[in-house]
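Colleague: If it helps, the file is called structure_35.txt and holds compact mmCIF, C-alpha atoms and all ligand atoms:
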```txt
# COMPACT_ATOMS: atom_id res chain seq x y z
CA MET N 12 0.00 0.00 0.00
CA GLU N 13 1.15 3.50 -0.78
CA SER N 14 2.67 5.41 2.15
CA GLU N 15 1.00 8.60 3.26
CA ARG N 16 4.06 10.65 2.39
CA ASP N 17 3.95 9.28 -1.16
CA HIS N 18 0.25 9.90 -1.27
CA LEU N 19 0.73 13.52 -0.17
CA THR N 20 3.51 13.98 -2.69
CA ARG N 21 1.36 12.68 -5.53
CA LEU N 22 -1.46 14.88 -4.35
CA ALA N 23 0.81 17.92 -4.37
CA LYS N 24 1.99 17.12 -7.87
CA GLY N 25 -1.57 16.94 -9.08
CA GLU N 26 -1.33 13.27 -9.95
CA ILE N 27 -4.40 12.53 -7.93
CA ALA N 28 -7.43 14.71 -7.57
CA SER N 29 -9.27 13.10 -4.73
CA PHE N 30 -9.02 14.72 -1.34
CA ASP N 31 -10.97 12.04 0.47
CA VAL N 32 -8.12 10.34 2.28
CA LEU N 33 -6.50 13.64 3.06
CA PHE N 34 -9.57 15.12 4.61
CA VAL N 35 -10.55 12.15 6.66
CA ARG N 36 -7.12 12.20 8.28
CA TYR N 37 -5.80 15.72 8.08
CA TYR N 38 -8.68 18.10 7.76
CA PRO N 39 -8.33 19.95 11.12
CA LEU N 40 -4.62 20.51 10.74
CA VAL N 41 -4.80 21.48 7.09
CA LEU N 42 -7.64 23.87 7.81
CA HIS N 43 -5.60 25.39 10.61
CA PHE N 44 -2.75 26.05 8.25
CA ILE N 45 -4.88 27.41 5.47
CA MET N 46 -6.66 29.75 7.85
CA GLY N 47 -3.61 30.75 9.82
CA PHE N 48 -0.62 30.76 7.53
CA VAL N 49 -1.79 31.04 3.94
CA LYS N 50 -3.40 34.43 3.64
CA ASN N 51 -3.89 34.60 -0.11
CA GLU N 52 -3.27 32.86 -3.38
CA GLU N 53 0.12 34.53 -3.74
CA ASP N 54 1.23 33.04 -0.44
CA ALA N 55 0.01 29.69 -1.61
CA ARG N 56 1.85 29.96 -4.91
CA ASP N 57 5.06 30.59 -3.01
CA LEU N 58 4.65 27.11 -1.67
CA SER N 59 4.98 25.89 -5.27
CA GLN N 60 5.07 22.13 -5.33
CA ASP N 61 3.68 21.26 -1.98
CA LEU N 62 0.16 20.38 -1.16
CA PHE N 63 -0.98 23.70 0.23
CA LEU N 64 -1.17 25.26 -3.21
CA LYS N 65 -3.42 22.47 -4.36
CA LEU N 66 -5.56 22.88 -1.31
CA TRP N 67 -5.86 26.60 -1.79
CA LEU N 68 -6.73 26.30 -5.45
CA HIS N 69 -9.36 23.69 -4.67
CA ARG N 70 -10.72 25.34 -1.58
CA GLU N 71 -14.17 25.76 -3.11
CA LYS N 72 -14.39 22.01 -3.55
CA MET N 73 -13.60 21.16 0.03
CA PRO N 74 -16.22 18.92 1.51
CA GLU N 75 -18.25 20.29 4.34
CA VAL N 76 -17.45 18.51 7.56
CA VAL N 77 -18.41 18.81 11.19
CA ILE N 78 -15.58 18.41 13.66
CA GLU N 79 -16.47 17.23 17.13
CA ASP N 80 -13.48 17.52 19.38
CA ALA N 81 -12.57 18.56 22.90
CA PRO N 82 -9.37 18.45 24.92
CA LEU N 83 -8.71 15.76 27.46
CA PHE N 84 -7.08 18.28 29.83
CA ALA N 85 -7.68 21.92 30.64
CA TRP N 86 -3.99 22.35 31.56
CA ARG N 87 -1.80 21.71 28.53
CA GLY N 88 1.37 23.31 29.75
CA PHE N 89 4.78 24.20 28.44
CA HIS N 90 7.56 25.42 30.70
CA LEU N 91 10.62 27.32 29.56
CA ASP N 92 13.68 28.13 31.66
CA LEU N 93 14.82 31.64 30.77
CA ALA N 94 17.32 31.93 33.62
CA ARG N 95 20.00 29.63 32.21
CA HIS N 96 19.59 31.03 28.71
CA MET N 97 17.70 33.97 27.25
CA PHE N 98 15.67 34.02 24.07
CA THR N 99 14.63 37.20 22.28
CA LYS N 100 11.13 38.56 22.65
CA ALA N 101 10.51 38.05 18.94
CA TYR N 102 11.59 34.43 19.17
CA LEU N 103 9.44 33.81 22.23
CA LYS N 104 6.46 35.12 20.27
CA LYS N 105 7.30 32.85 17.38
CA THR N 106 7.57 29.91 19.78
CA ILE N 107 4.18 30.84 21.21
CA ASP N 108 2.72 30.73 17.67
CA ARG N 109 4.08 27.23 17.23
CA LEU N 110 3.00 25.97 20.63
CA ALA N 111 -0.47 27.39 20.12
CA GLY N 112 -0.67 25.43 16.89
CA TYR N 113 -0.35 22.35 19.04
CA LYS N 114 -2.95 23.59 21.49
CA ILE N 115 -0.65 24.40 24.38
CA ASN N 116 -2.62 26.79 26.57
CA LYS N 117 -0.42 27.41 29.64
CA LEU N 118 3.05 28.90 29.24
CA HIS N 119 5.06 28.69 32.47
CA LEU N 120 8.11 30.99 32.39
CA HIS N 121 10.96 30.33 34.82
CA LEU N 122 12.15 33.91 35.30
CA ASN N 123 14.89 33.66 37.91
CA ASP N 124 17.42 31.19 39.14
CA ASP N 125 20.98 31.00 40.38
CA GLN N 126 22.17 31.77 36.85
CA GLY N 127 20.20 34.95 36.24
CA TRP N 128 17.27 37.23 37.02
CA ARG N 129 15.25 37.94 33.88
CA LEU N 130 12.39 40.25 34.83
CA GLU N 131 12.62 43.97 35.39
CA SER N 132 11.69 45.15 38.88
CA ALA N 133 10.87 48.74 39.78
CA ALA N 134 11.48 48.22 43.49
CA TYR N 135 14.72 46.25 43.10
CA PRO N 136 16.51 47.41 39.93
CA LEU N 137 19.77 45.63 40.78
CA LEU N 138 18.01 42.29 40.29
CA THR N 139 18.46 42.77 36.56
CA GLU N 140 21.33 45.28 36.50
CA THR N 141 23.54 42.96 38.53
CA GLY N 142 21.59 39.71 38.82
CA GLY N 143 20.82 39.61 35.11
CA TRP N 144 24.48 38.99 34.24
CA ARG N 145 26.95 36.23 34.97
CA THR N 146 30.51 35.35 34.13
CA PHE N 147 30.63 32.07 32.22
CA ASP N 148 29.69 29.18 34.47
CA LYS N 149 30.17 25.44 34.22
CA TYR N 150 27.39 24.94 31.69
CA ASP N 151 28.49 27.90 29.59
CA SER N 152 31.92 26.27 29.36
CA ILE N 153 30.29 22.99 28.32
CA CYS N 154 28.26 24.78 25.65
CA ILE N 155 31.33 26.61 24.34
CA ARG N 156 33.34 23.38 24.22
CA LYS N 157 30.57 21.47 22.43
CA SER N 158 30.04 24.31 19.96
CA ALA N 159 33.34 23.38 18.31
CA ASP N 160 31.60 20.32 16.83
CA ASP N 161 27.99 21.46 16.99
CA PRO N 162 27.20 25.06 15.99
CA THR N 163 23.79 24.81 17.68
CA MET N 164 25.64 24.70 21.03
CA ALA N 165 27.12 28.17 20.56
CA LEU N 166 26.06 30.87 23.01
CA ASP N 167 23.74 33.41 21.40
CA LYS N 168 25.98 36.44 20.85
CA ARG N 169 23.08 38.82 21.39
CA PHE N 170 23.29 38.00 25.10
CA LEU N 171 27.04 38.40 25.46
CA ARG N 172 28.70 41.52 26.84
CA ASP N 173 32.43 42.06 26.39
CA ASP N 174 32.71 38.37 25.41
CA THR N 175 32.92 37.36 29.07
CA LEU N 176 29.52 38.19 30.52
CA TYR N 177 26.24 36.50 29.64
CA GLY N 178 22.83 37.88 30.41
CA GLY N 179 19.94 40.20 29.82
CA TYR N 180 16.37 40.59 30.94
CA TYR N 181 12.84 41.35 29.83
CA THR N 182 11.37 44.74 30.58
CA LYS N 183 7.84 44.87 31.87
CA GLU N 184 6.82 46.25 28.49
CA ASP N 185 8.47 43.25 26.77
CA MET N 186 6.57 40.92 29.03
CA ARG N 187 3.24 42.71 28.46
CA GLU N 188 3.78 42.21 24.74
CA ILE N 189 4.53 38.51 25.21
CA ILE N 190 1.49 38.06 27.45
CA ALA N 191 -0.77 39.89 24.97
CA HIS N 192 0.58 37.81 22.08
CA ALA N 193 -0.10 34.57 23.94
CA ALA N 194 -3.56 35.81 24.87
CA THR N 195 -4.54 36.10 21.20
CA TYR N 196 -4.45 32.28 21.20
CA GLY N 197 -6.14 31.95 24.58
CA MET N 198 -2.77 30.98 26.05
CA GLU N 199 -2.09 32.04 29.63
CA VAL N 200 1.42 33.04 30.72
CA ILE N 201 2.26 31.91 34.25
CA PRO N 202 5.29 33.53 35.86
CA GLU N 203 7.60 31.71 38.22
CA ILE N 204 9.75 33.50 40.77
CA ASP N 205 11.63 30.64 42.36
CA MET N 206 12.11 31.14 46.11
CA PRO N 207 13.49 30.74 48.76
CA GLY N 208 16.15 28.61 47.01
CA HIS N 209 17.63 29.14 43.55
CA MET N 210 18.19 32.75 44.55
CA SER N 211 21.90 33.32 43.83
CA ALA N 212 21.26 35.95 41.16
CA ALA N 213 19.16 38.00 43.59
CA ILE N 214 21.69 37.52 46.40
CA ARG N 215 24.51 38.72 44.15
CA ALA N 216 22.48 41.89 43.63
CA TYR N 217 21.36 42.29 47.25
CA PRO N 218 23.69 40.34 49.56
CA TRP N 219 21.51 41.00 52.64
CA LEU N 220 19.00 38.54 51.22
CA SER N 221 21.06 35.55 52.36
CA CYS N 222 21.97 34.41 55.88
CA SER N 223 25.68 35.19 55.61
CA GLY N 224 25.54 38.00 53.06
CA ALA N 225 27.14 35.68 50.54
CA ALA N 226 25.91 33.84 47.51
CA GLY N 227 27.35 30.36 47.40
CA TRP N 228 26.71 26.65 47.43
CA GLY N 229 25.81 24.32 50.26
CA GLU N 230 25.94 20.55 50.23
CA GLU N 231 23.57 20.20 47.28
CA PHE N 232 21.99 23.51 46.39
CA SER N 233 22.69 27.23 46.49
CA HIS N 234 22.35 29.50 49.52
CA PRO N 235 18.66 30.33 50.02
CA LEU N 236 17.03 33.54 51.19
CA CYS N 237 17.34 34.05 54.95
CA THR N 238 13.64 33.68 55.64
CA ALA N 239 14.09 34.62 59.30
CA LYS N 240 14.82 38.24 58.34
CA PRO N 241 11.64 40.35 58.21
CA GLU N 242 13.16 42.52 55.47
CA VAL N 243 13.73 39.43 53.32
CA ARG N 244 10.11 38.35 53.64
CA ALA N 245 9.10 41.93 52.80
CA PHE N 246 11.33 41.76 49.71
CA ALA N 247 9.67 38.54 48.60
CA LYS N 248 6.18 39.98 48.98
CA LYS N 249 7.06 43.21 47.21
CA MET N 250 8.52 41.20 44.36
CA LEU N 251 5.44 39.00 44.13
CA GLU N 252 3.24 42.09 44.19
CA GLU N 253 5.05 43.52 41.17
CA VAL N 254 4.85 40.22 39.32
CA ALA N 255 1.19 39.79 40.20
CA GLU N 256 0.41 43.24 38.80
CA LEU N 257 2.19 42.47 35.56
CA PHE N 258 0.74 39.04 34.78
CA PRO N 259 -3.04 38.74 34.43
CA SER N 260 -2.90 34.98 35.10
CA ASP N 261 -4.70 33.70 38.19
CA TYR N 262 -1.61 31.62 38.94
CA LEU N 263 1.77 32.60 40.29
CA HIS N 264 4.45 29.93 40.68
CA ILE N 265 6.84 30.44 43.60
CA GLY N 266 9.07 27.45 42.93
CA ALA N 267 10.02 26.32 46.45
CA ASP N 268 12.12 23.43 45.15
CA GLU N 269 15.62 22.29 46.09
CA VAL N 270 16.22 24.43 49.16
CA GLU N 271 19.56 24.03 50.97
CA THR N 272 18.23 24.03 54.55
CA THR N 273 21.68 23.27 56.03
CA ILE N 274 22.54 26.96 55.55
CA TRP N 275 19.65 27.90 57.85
CA GLU N 276 20.92 25.49 60.50
CA GLU N 277 24.15 27.48 60.67
CA CYS N 278 22.48 30.92 60.79
CA PRO N 279 22.01 32.43 64.29
CA LEU N 280 18.89 34.29 63.25
CA CYS N 281 17.32 31.26 61.57
CA ARG N 282 18.20 29.11 64.60
CA ALA N 283 16.63 31.67 66.95
CA THR N 284 13.45 31.70 64.87
CA MET N 285 13.31 27.91 64.89
CA ALA N 286 13.67 27.87 68.69
CA GLU N 287 11.22 30.71 69.24
CA GLN N 288 8.54 29.10 67.12
CA GLN N 289 9.30 25.61 68.44
CA MET N 290 10.04 24.27 64.99
CA SER N 291 11.18 20.69 64.65
CA GLY N 292 13.91 21.60 62.16
CA ALA N 293 15.07 23.88 59.38
CA ARG N 294 12.60 22.28 57.03
CA ASP N 295 9.83 24.02 58.98
CA LEU N 296 11.32 27.39 58.03
CA GLN N 297 10.71 26.48 54.40
CA THR N 298 7.11 25.43 55.10
CA HIS N 299 6.41 28.61 57.09
CA PHE N 300 7.88 30.80 54.38
CA VAL N 301 5.91 29.11 51.62
CA GLU N 302 2.70 29.33 53.65
CA GLU N 303 3.31 33.02 54.31
CA MET N 304 3.82 33.71 50.60
CA HIS N 305 0.74 31.66 49.78
CA ASP N 306 -1.34 33.67 52.26
CA TYR N 307 -0.01 36.86 50.77
CA LEU N 308 -0.77 35.80 47.20
CA LYS N 309 -4.24 34.71 48.23
CA SER N 310 -4.80 38.15 49.79
CA ILE N 311 -4.05 39.78 46.42
CA GLY N 312 -6.21 37.36 44.48
CA LYS N 313 -3.69 34.88 43.14
CA LYS N 314 -3.43 31.11 43.29
CA THR N 315 -0.06 29.77 44.41
CA VAL N 316 1.74 27.07 42.45
CA VAL N 317 4.76 25.19 43.86
CA TRP N 318 7.00 22.33 42.81
CA ASP N 319 6.19 19.14 44.70
CA ASP N 320 9.18 19.62 47.06
CA ALA N 321 7.01 22.11 48.96
CA ALA N 322 4.03 19.79 49.35
CA GLU N 323 5.69 16.67 50.75
CA GLU N 324 4.41 17.14 54.25
CA GLU N 325 0.91 16.96 55.58
CA GLY N 326 -0.42 20.24 56.85
CA VAL N 327 0.67 22.35 53.88
CA SER N 328 -2.30 24.33 52.58
CA ASN N 329 -4.01 22.25 49.93
CA GLU N 330 -5.02 25.41 48.12
CA MET N 331 -1.57 25.36 46.58
CA TYR N 332 -1.34 23.88 43.11
CA VAL N 333 1.51 21.41 42.76
CA THR N 334 3.71 20.83 39.74
CA PHE N 335 4.86 17.24 40.27
CA TRP N 336 8.31 16.69 38.77
CA ARG N 337 10.31 14.29 40.95
CA ASP N 338 9.50 10.86 39.61
CA TRP N 339 12.05 9.33 41.97
CA LYS N 340 9.57 10.36 44.68
CA TYR N 341 6.72 8.72 42.80
CA GLU N 342 5.13 7.48 46.00
CA ASN N 343 4.38 11.11 46.95
CA ALA N 344 2.07 11.77 44.01
CA ALA N 345 -1.10 10.06 45.20
CA PRO N 346 -0.93 11.39 48.80
CA ILE N 347 -0.45 14.96 47.53
CA VAL N 348 -3.61 14.65 45.45
CA GLU N 349 -5.41 12.90 48.33
CA ARG N 350 -4.64 15.88 50.54
CA GLY N 351 -6.54 17.98 48.04
CA HIS N 352 -3.82 19.72 46.03
CA PRO N 353 -4.67 20.27 42.36
CA MET N 354 -1.78 18.70 40.44
CA ILE N 355 0.00 19.41 37.17
CA PHE N 356 2.07 16.42 36.15
CA ALA N 357 5.51 17.19 34.71
CA THR N 358 7.80 14.35 35.67
CA TRP N 359 11.46 14.40 34.86
CA SER N 360 11.80 11.18 32.91
CA HIS N 361 8.84 11.68 30.57
CA PHE N 362 7.91 15.34 30.42
CA TYR N 363 11.28 17.08 30.69
CA LEU N 364 12.30 17.76 27.10
CA SER N 365 15.77 18.90 28.16
CA ALA N 366 17.32 15.45 27.82
CA ARG N 367 18.91 14.42 24.54
CA PRO N 368 16.03 13.74 22.14
CA SER N 369 15.65 10.11 21.16
CA PHE N 370 13.08 7.91 19.50
CA ASP N 371 12.60 5.97 22.72
CA ARG N 372 11.94 9.08 24.81
CA TRP N 373 9.56 10.37 22.18
CA LYS N 374 7.57 7.15 22.12
CA ALA N 375 7.58 6.89 25.93
CA LEU N 376 6.19 10.41 26.18
CA TYR N 377 3.41 9.60 23.74
CA GLN N 378 2.54 6.35 25.46
CA PHE N 379 2.91 7.53 29.06
CA ASP N 380 0.32 5.84 31.24
CA ILE N 381 0.17 7.23 34.74
CA THR N 382 -1.68 4.22 36.13
CA VAL N 383 1.30 1.96 35.43
CA ALA N 384 4.08 3.85 37.22
CA TYR N 385 2.08 5.79 39.80
CA PRO N 386 0.04 3.64 42.16
CA GLY N 387 -3.26 5.26 42.99
CA MET N 388 -3.00 7.84 40.24
CA THR N 389 -5.18 8.23 37.17
CA ASP N 390 -5.57 10.98 34.61
CA ASP N 391 -8.81 11.95 36.34
CA ARG N 392 -6.84 13.12 39.36
CA LEU N 393 -4.84 15.69 37.41
CA MET N 394 -5.39 19.22 36.15
CA GLY N 395 -3.19 18.23 33.26
CA TYR N 396 0.37 17.72 32.11
CA GLN N 397 3.26 20.03 31.37
CA ALA N 398 6.30 19.68 29.14
CA CYS N 399 9.37 21.37 30.62
CA VAL N 400 12.52 22.61 28.96
CA TRP N 401 15.48 23.49 31.19
CA THR N 402 18.16 25.29 29.28
CA GLU N 403 21.51 24.54 30.94
CA GLU N 404 22.73 23.00 27.70
CA ILE N 405 20.26 24.69 25.35
CA PRO N 406 21.99 27.97 24.53
CA GLY N 407 20.13 29.03 21.40
CA GLU N 408 17.12 28.82 19.14
CA ALA N 409 18.17 25.92 16.92
CA LYS N 410 19.04 23.75 19.91
CA LEU N 411 15.78 24.65 21.64
CA GLU N 412 13.81 23.61 18.57
CA GLU N 413 15.58 20.27 18.50
CA HIS N 414 14.32 19.62 22.02
CA ILE N 415 10.77 20.87 21.49
CA PHE N 416 10.07 19.22 18.12
CA PRO N 417 8.76 16.66 17.41
CA ALA N 418 8.39 15.91 21.13
CA ILE N 419 5.67 18.52 21.34
CA GLN N 420 3.55 16.73 18.74
CA ALA N 421 3.57 13.65 20.99
CA PHE N 422 2.92 15.73 24.08
CA SER N 423 0.09 17.57 22.37
CA GLU N 424 -1.75 14.35 21.67
CA ARG N 425 -1.01 13.10 25.17
CA VAL N 426 -2.87 16.04 26.67
CA TRP N 427 -5.54 16.48 24.04
CA SER N 428 -6.63 13.09 22.91
CA SER N 429 -8.27 10.30 24.86
CA ASP N 430 -7.75 7.99 21.92
CA ARG N 431 -4.04 7.57 21.31
CA ASP N 432 -2.44 5.11 18.93
CA TRP N 433 1.31 5.28 18.27
CA ASP N 434 1.16 3.71 14.82
CA ASP N 435 -1.61 6.04 13.80
CA PHE N 436 0.36 9.00 15.19
CA MET N 437 3.45 7.96 13.24
CA GLY N 438 1.29 7.68 10.14
CA ARG N 439 0.26 11.30 10.56
CA MET N 440 3.75 12.67 11.28
CA PRO N 441 4.77 13.13 7.60
CA LEU N 442 2.49 16.13 7.33
CA HIS N 443 4.08 17.60 10.46
CA TYR N 444 7.53 17.16 8.92
CA LEU N 445 6.35 19.05 5.86
CA ILE N 446 4.99 21.80 8.07
CA MET N 447 8.16 22.00 10.16
CA ASP N 448 10.33 22.03 7.03
CA ARG N 449 8.28 24.88 5.65
CA GLU N 450 8.61 26.73 8.96
CA SER N 451 12.38 26.04 9.00
CA ILE N 452 12.09 24.43 12.41
CA ASN N 453 15.22 22.58 13.44
CA TYR N 454 13.34 19.52 14.70
CA SER N 455 15.18 16.51 16.03
CA LYS N 456 16.10 13.99 13.37
CA ASN N 457 17.12 11.57 16.07
CA ARG N 458 14.04 9.41 15.65
ZN ZN X 501 19.23 32.88 58.15
```
Show me the file's structure as structure tokens.
Modeller:
Amino acid sequence: MESERDHLTRLAKGEIASFDVLFVRYYPLVLHFIMGFVKNEEDARDLSQDLFLKLWLHREKMPEVVIEDAPLFAWRGFHLDLARHMFTKAYLKKTIDRLAGYKINKLHLHLNDDQGWRLESAAYPLLTETGGWRTFDKYDSICIRKSADDPTMALDKRFLRDDTLYGGYYTKEDMREIIAHAATYGMEVIPEIDMPGHMSAAIRAYPWLSCSGAAGWGEEFSHPLCTAKPEVRAFAKKMLEEVAELFPSDYLHIGADEVETTIWEECPLCRATMAEQQMSGARDLQTHFVEEMHDYLKSIGKKTVVWDDAAEEEGVSNEMYVTFWRDWKYENAAPIVERGHPMIFATWSHFYLSARPSFDRWKALYQFDITVAYPGMTDDRLMGYQACVWTEEIPGEAKLEEHIFPAIQAFSERVWSSDRDWDDFMGRMPLHYLIMDRESINYSKNR
């Protein structure tokens, strides 16, 4: 039997006139492209030999169809780490166009981390002036070394200063533009200000934020905010207030992952607070801080989202939404949901697109079945899923595209369709390759 790619090719060449097979299988996607990308006959002619010209020329003959469709999940998320590497505003908008084409409706932006602070602040301008820049770190050196053999690993020169500093940030006006662009597709942009850990960039700018006045590393993670200082908690709230004003989303992610609590154990002020409040350990400081930020966000009309690190214990407010990422703590998933937390599922081994793309990972993402690996969990217990890209070793646009595509096609069906079939999906991929070729997307060929 003729392959679909051959069929499409013959169709494009005009060797066959029937659109039946095409429309049964591809109608929604083709319609999307005709409506969205091909504005007139001239545009279509530019596409010369491919099938879109034929479709445009025959548009009057298209059969009338009724499409009945609805998404499986309300939360079809995509997360992008902008702290390790920046992308231009124009490129973010282009990425939003592409993600929207695959029905992603929540864009979670990781706006600060140890490696950089990426969002302008009126109250704390040094966050970007100082915290927005870094000297080359370990991962930058890895990227530079790998770029000798792979040009897509080169640091984006637009974010280099004097060849030794990397950084930049988004102004509030930039971010408003990005938010408005996403909104045209019904896509919501959810900001993340990761606290009280992952704060080195902020501590470099304002050393009083940490216990010792230094930014540095503990046993596993970086020095956190000194949450025992009232002025530090005031800083956090002021920052969240600014972010809340800027982003219309109901949700504000405060991270709360990977906190080096050993630093607090050595801090006289933190120890005094623990004793005064009869805390059982430094971990309680983290819980108290997160609860205080949650209460504050609630008071200004926002819903708090945290990584699952912050929701391990009983007694944490179940109003907090939880992004579940640590699949090595798989046994925590069901209890977190049982305690009433709404959950967004984004586990490391399936939904993190930062790992080297491979056919096996792609297929595993498509076929992921939560009931197999997560006792007590079903899709019904989730708000939805989220694909996450962390950019330690993704320094530019071409490399980012390699990680997003065609993983996102698999993810899109995972969150949209209740009727998934890998062979059928693979049968429909040729059209996506044509689309990505036309869009000059550097999708992974490692499949
Ligand atoms: Zn302290």
Colleague: At a cut-off of 7 Å around ligand ZN 501 (chain X), and using only C-alpha atoms and all ligand atoms, what residues come up? Please write them as a list in words.
Modeller: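 Using only C-alpha atoms and all ligand atoms, everything at most 7 Å from ligand ZN 501 (chain X) comes to Ser221, Cys222, Cys237, Thr238, Ala239, Lys240, Trp275, Cys278, Pro279, Leu280 and Cys281 of chain N.
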Colleague: Would you write out those residues with C-alpha atoms, as a PDB file, in the frame of the given file?
Modeller:
```pdb
ATOM      1  CA  SER N 221      21.060  35.550  52.360  1.00  0.00           C
ATOM      2  CA  CYS N 222      21.970  34.410  55.880  1.00  0.00           C
ATOM      3  CA  CYS N 237      17.340  34.050  54.950  1.00  0.00           C
ATOM      4  CA  THR N 238      13.640  33.680  55.640  1.00  0.00           C
ATOM      5  CA  ALA N 239      14.090  34.620  59.300  1.00  0.00           C
ATOM      6  CA  LYS N 240      14.820  38.240  58.340  1.00  0.00           C
ATOM      7  CA  TRP N 275      19.650  27.900  57.850  1.00  0.00           C
ATOM      8  CA  CYS N 278      22.480  30.920  60.790  1.00  0.00           C
ATOM      9  CA  PRO N 279      22.010  32.430  64.290  1.00  0.00           C
ATOM     10  CA  LEU N 280      18.890  34.290  63.250  1.00  0.00           C
ATOM     11  CA  CYS N 281      17.320  31.260  61.570  1.00  0.00           C
TER      12      CYS N 281
END
```
Colleague: So what do you get for atom CA of Ala398 of chain N versus atom CA of Phe89 of chain N, distance-wise?
Modeller: 4.8 Å
Colleague: Near Tyr150 of chain N, within 10 Å and counting all atoms listed in the file, which residues show up once chain neighbours fewer than 5 positions away are dropped, as a PyMOL selection string?
Modeller: chain N and resi 95+155-156+402-406
Colleague: I want to know what sits within 7 Å of segment 186-202 of chain N, based on all atoms listed in the file, with residues of the same chain fewer than 4 positions away left out; could you give that as number ranges by chain?
Modeller: N: 104, 107, 111, 116-122, 181-182, 260, 262-264
Colleague: Once you have the residues from the selection above, write them out as a compact mmCIF listing (two decimals), keeping the file's coordinate frame, restricted to C-alpha atoms.
Modeller:
```txt
# COMPACT_ATOMS: atom_id res chain seq x y z
CA LYS N 104 6.46 35.12 20.27
CA ILE N 107 4.18 30.84 21.21
CA ALA N 111 -0.47 27.39 20.12
CA ASN N 116 -2.62 26.79 26.57
CA LYS N 117 -0.42 27.41 29.64
CA LEU N 118 3.05 28.90 29.24
CA HIS N 119 5.06 28.69 32.47
CA LEU N 120 8.11 30.99 32.39
CA HIS N 121 10.96 30.33 34.82
CA LEU N 122 12.15 33.91 35.30
CA TYR N 181 12.84 41.35 29.83
CA THR N 182 11.37 44.74 30.58
CA SER N 260 -2.90 34.98 35.10
CA TYR N 262 -1.61 31.62 38.94
CA LEU N 263 1.77 32.60 40.29
CA HIS N 264 4.45 29.93 40.68
```
Colleague: Output as JSON lines one row per residue of segment 129-179 of chain N within 10 Å of segment 242-253 of chain N: the closest atom pair and its distance in Å to one decimal place, counting all atoms listed in the file, sorted by chain and residue number ascending.
Modeller:
```
{"residue": "N:Glu131", "atom": "CA", "partner": "N:Glu253", "partner_atom": "CA", "distance": 9.5}
{"residue": "N:Ser132", "atom": "CA", "partner": "N:Glu253", "partner_atom": "CA", "distance": 7.2}
{"residue": "N:Ala133", "atom": "CA", "partner": "N:Glu253", "partner_atom": "CA", "distance": 7.9}
{"residue": "N:Ala134", "atom": "CA", "partner": "N:Lys249", "partner_atom": "CA", "distance": 7.6}
{"residue": "N:Tyr135", "atom": "CA", "partner": "N:Met250", "partner_atom": "CA", "distance": 8.1}
```
Colleague: Residues of the last selection are to be written out with C-alpha atoms, as a PDB file, in the coordinates of the input.
Modeller:
```
ATOM      1  CA  GLU N 131      12.620  43.970  35.390  1.00  0.00           C
ATOM      2  CA  SER N 132      11.690  45.150  38.880  1.00  0.00           C
ATOM      3  CA  ALA N 133      10.870  48.740  39.780  1.00  0.00           C
ATOM      4  CA  ALA N 134      11.480  48.220  43.490  1.00  0.00           C
ATOM      5  CA  TYR N 135      14.720  46.250  43.100  1.00  0.00           C
TER       6      TYR N 135
END
```
Colleague: To one decimal place in Å, what is the distance between atom CA of His209 of chain N and atom CA of Ile419 of chain N?
Modeller: 27.4 Å
Colleague: For the point (12.6, 31.6, 19.1) in file coordinates, what residues are within 12 Å, counting all atoms listed in the file? Give the answer as number ranges by chain?
Modeller: N: 91, 93, 96-110, 167, 406-413, 415, 450-453
Colleague: Extract segment 249-257 of chain N from the preceding block and save N, CA and C atoms as a compact mmCIF listing (two decimals), in the first residue's frame.
Modeller:
```txt
# COMPACT_ATOMS: atom_id res chain seq x y z
N LYS N 249 7.06 42.07 48.14
CA LYS N 249 7.06 43.21 47.21
C LYS N 249 7.30 42.72 45.78
N MET N 250 8.23 41.77 45.67
CA MET N 250 8.52 41.20 44.36
C MET N 250 7.29 40.51 43.78
N LEU N 251 6.63 39.71 44.61
CA LEU N 251 5.44 39.00 44.13
C LEU N 251 4.34 39.99 43.76
N GLU N 252 4.26 41.08 44.50
CA GLU N 252 3.24 42.09 44.19
C GLU N 252 3.47 42.66 42.78
N GLU N 253 4.73 42.97 42.50
CA GLU N 253 5.05 43.52 41.17
C GLU N 253 4.73 42.51 40.06
N VAL N 254 5.08 41.27 40.33
CA VAL N 254 4.85 40.22 39.32
C VAL N 254 3.35 40.00 39.14
N ALA N 255 2.64 40.01 40.25
CA ALA N 255 1.19 39.79 40.20
C ALA N 255 0.50 40.90 39.40
N GLU N 256 1.00 42.11 39.54
CA GLU N 256 0.41 43.24 38.80
C GLU N 256 0.64 43.11 37.30
N LEU N 257 1.80 42.55 36.96
CA LEU N 257 2.19 42.47 35.56
C LEU N 257 1.46 41.35 34.80
```
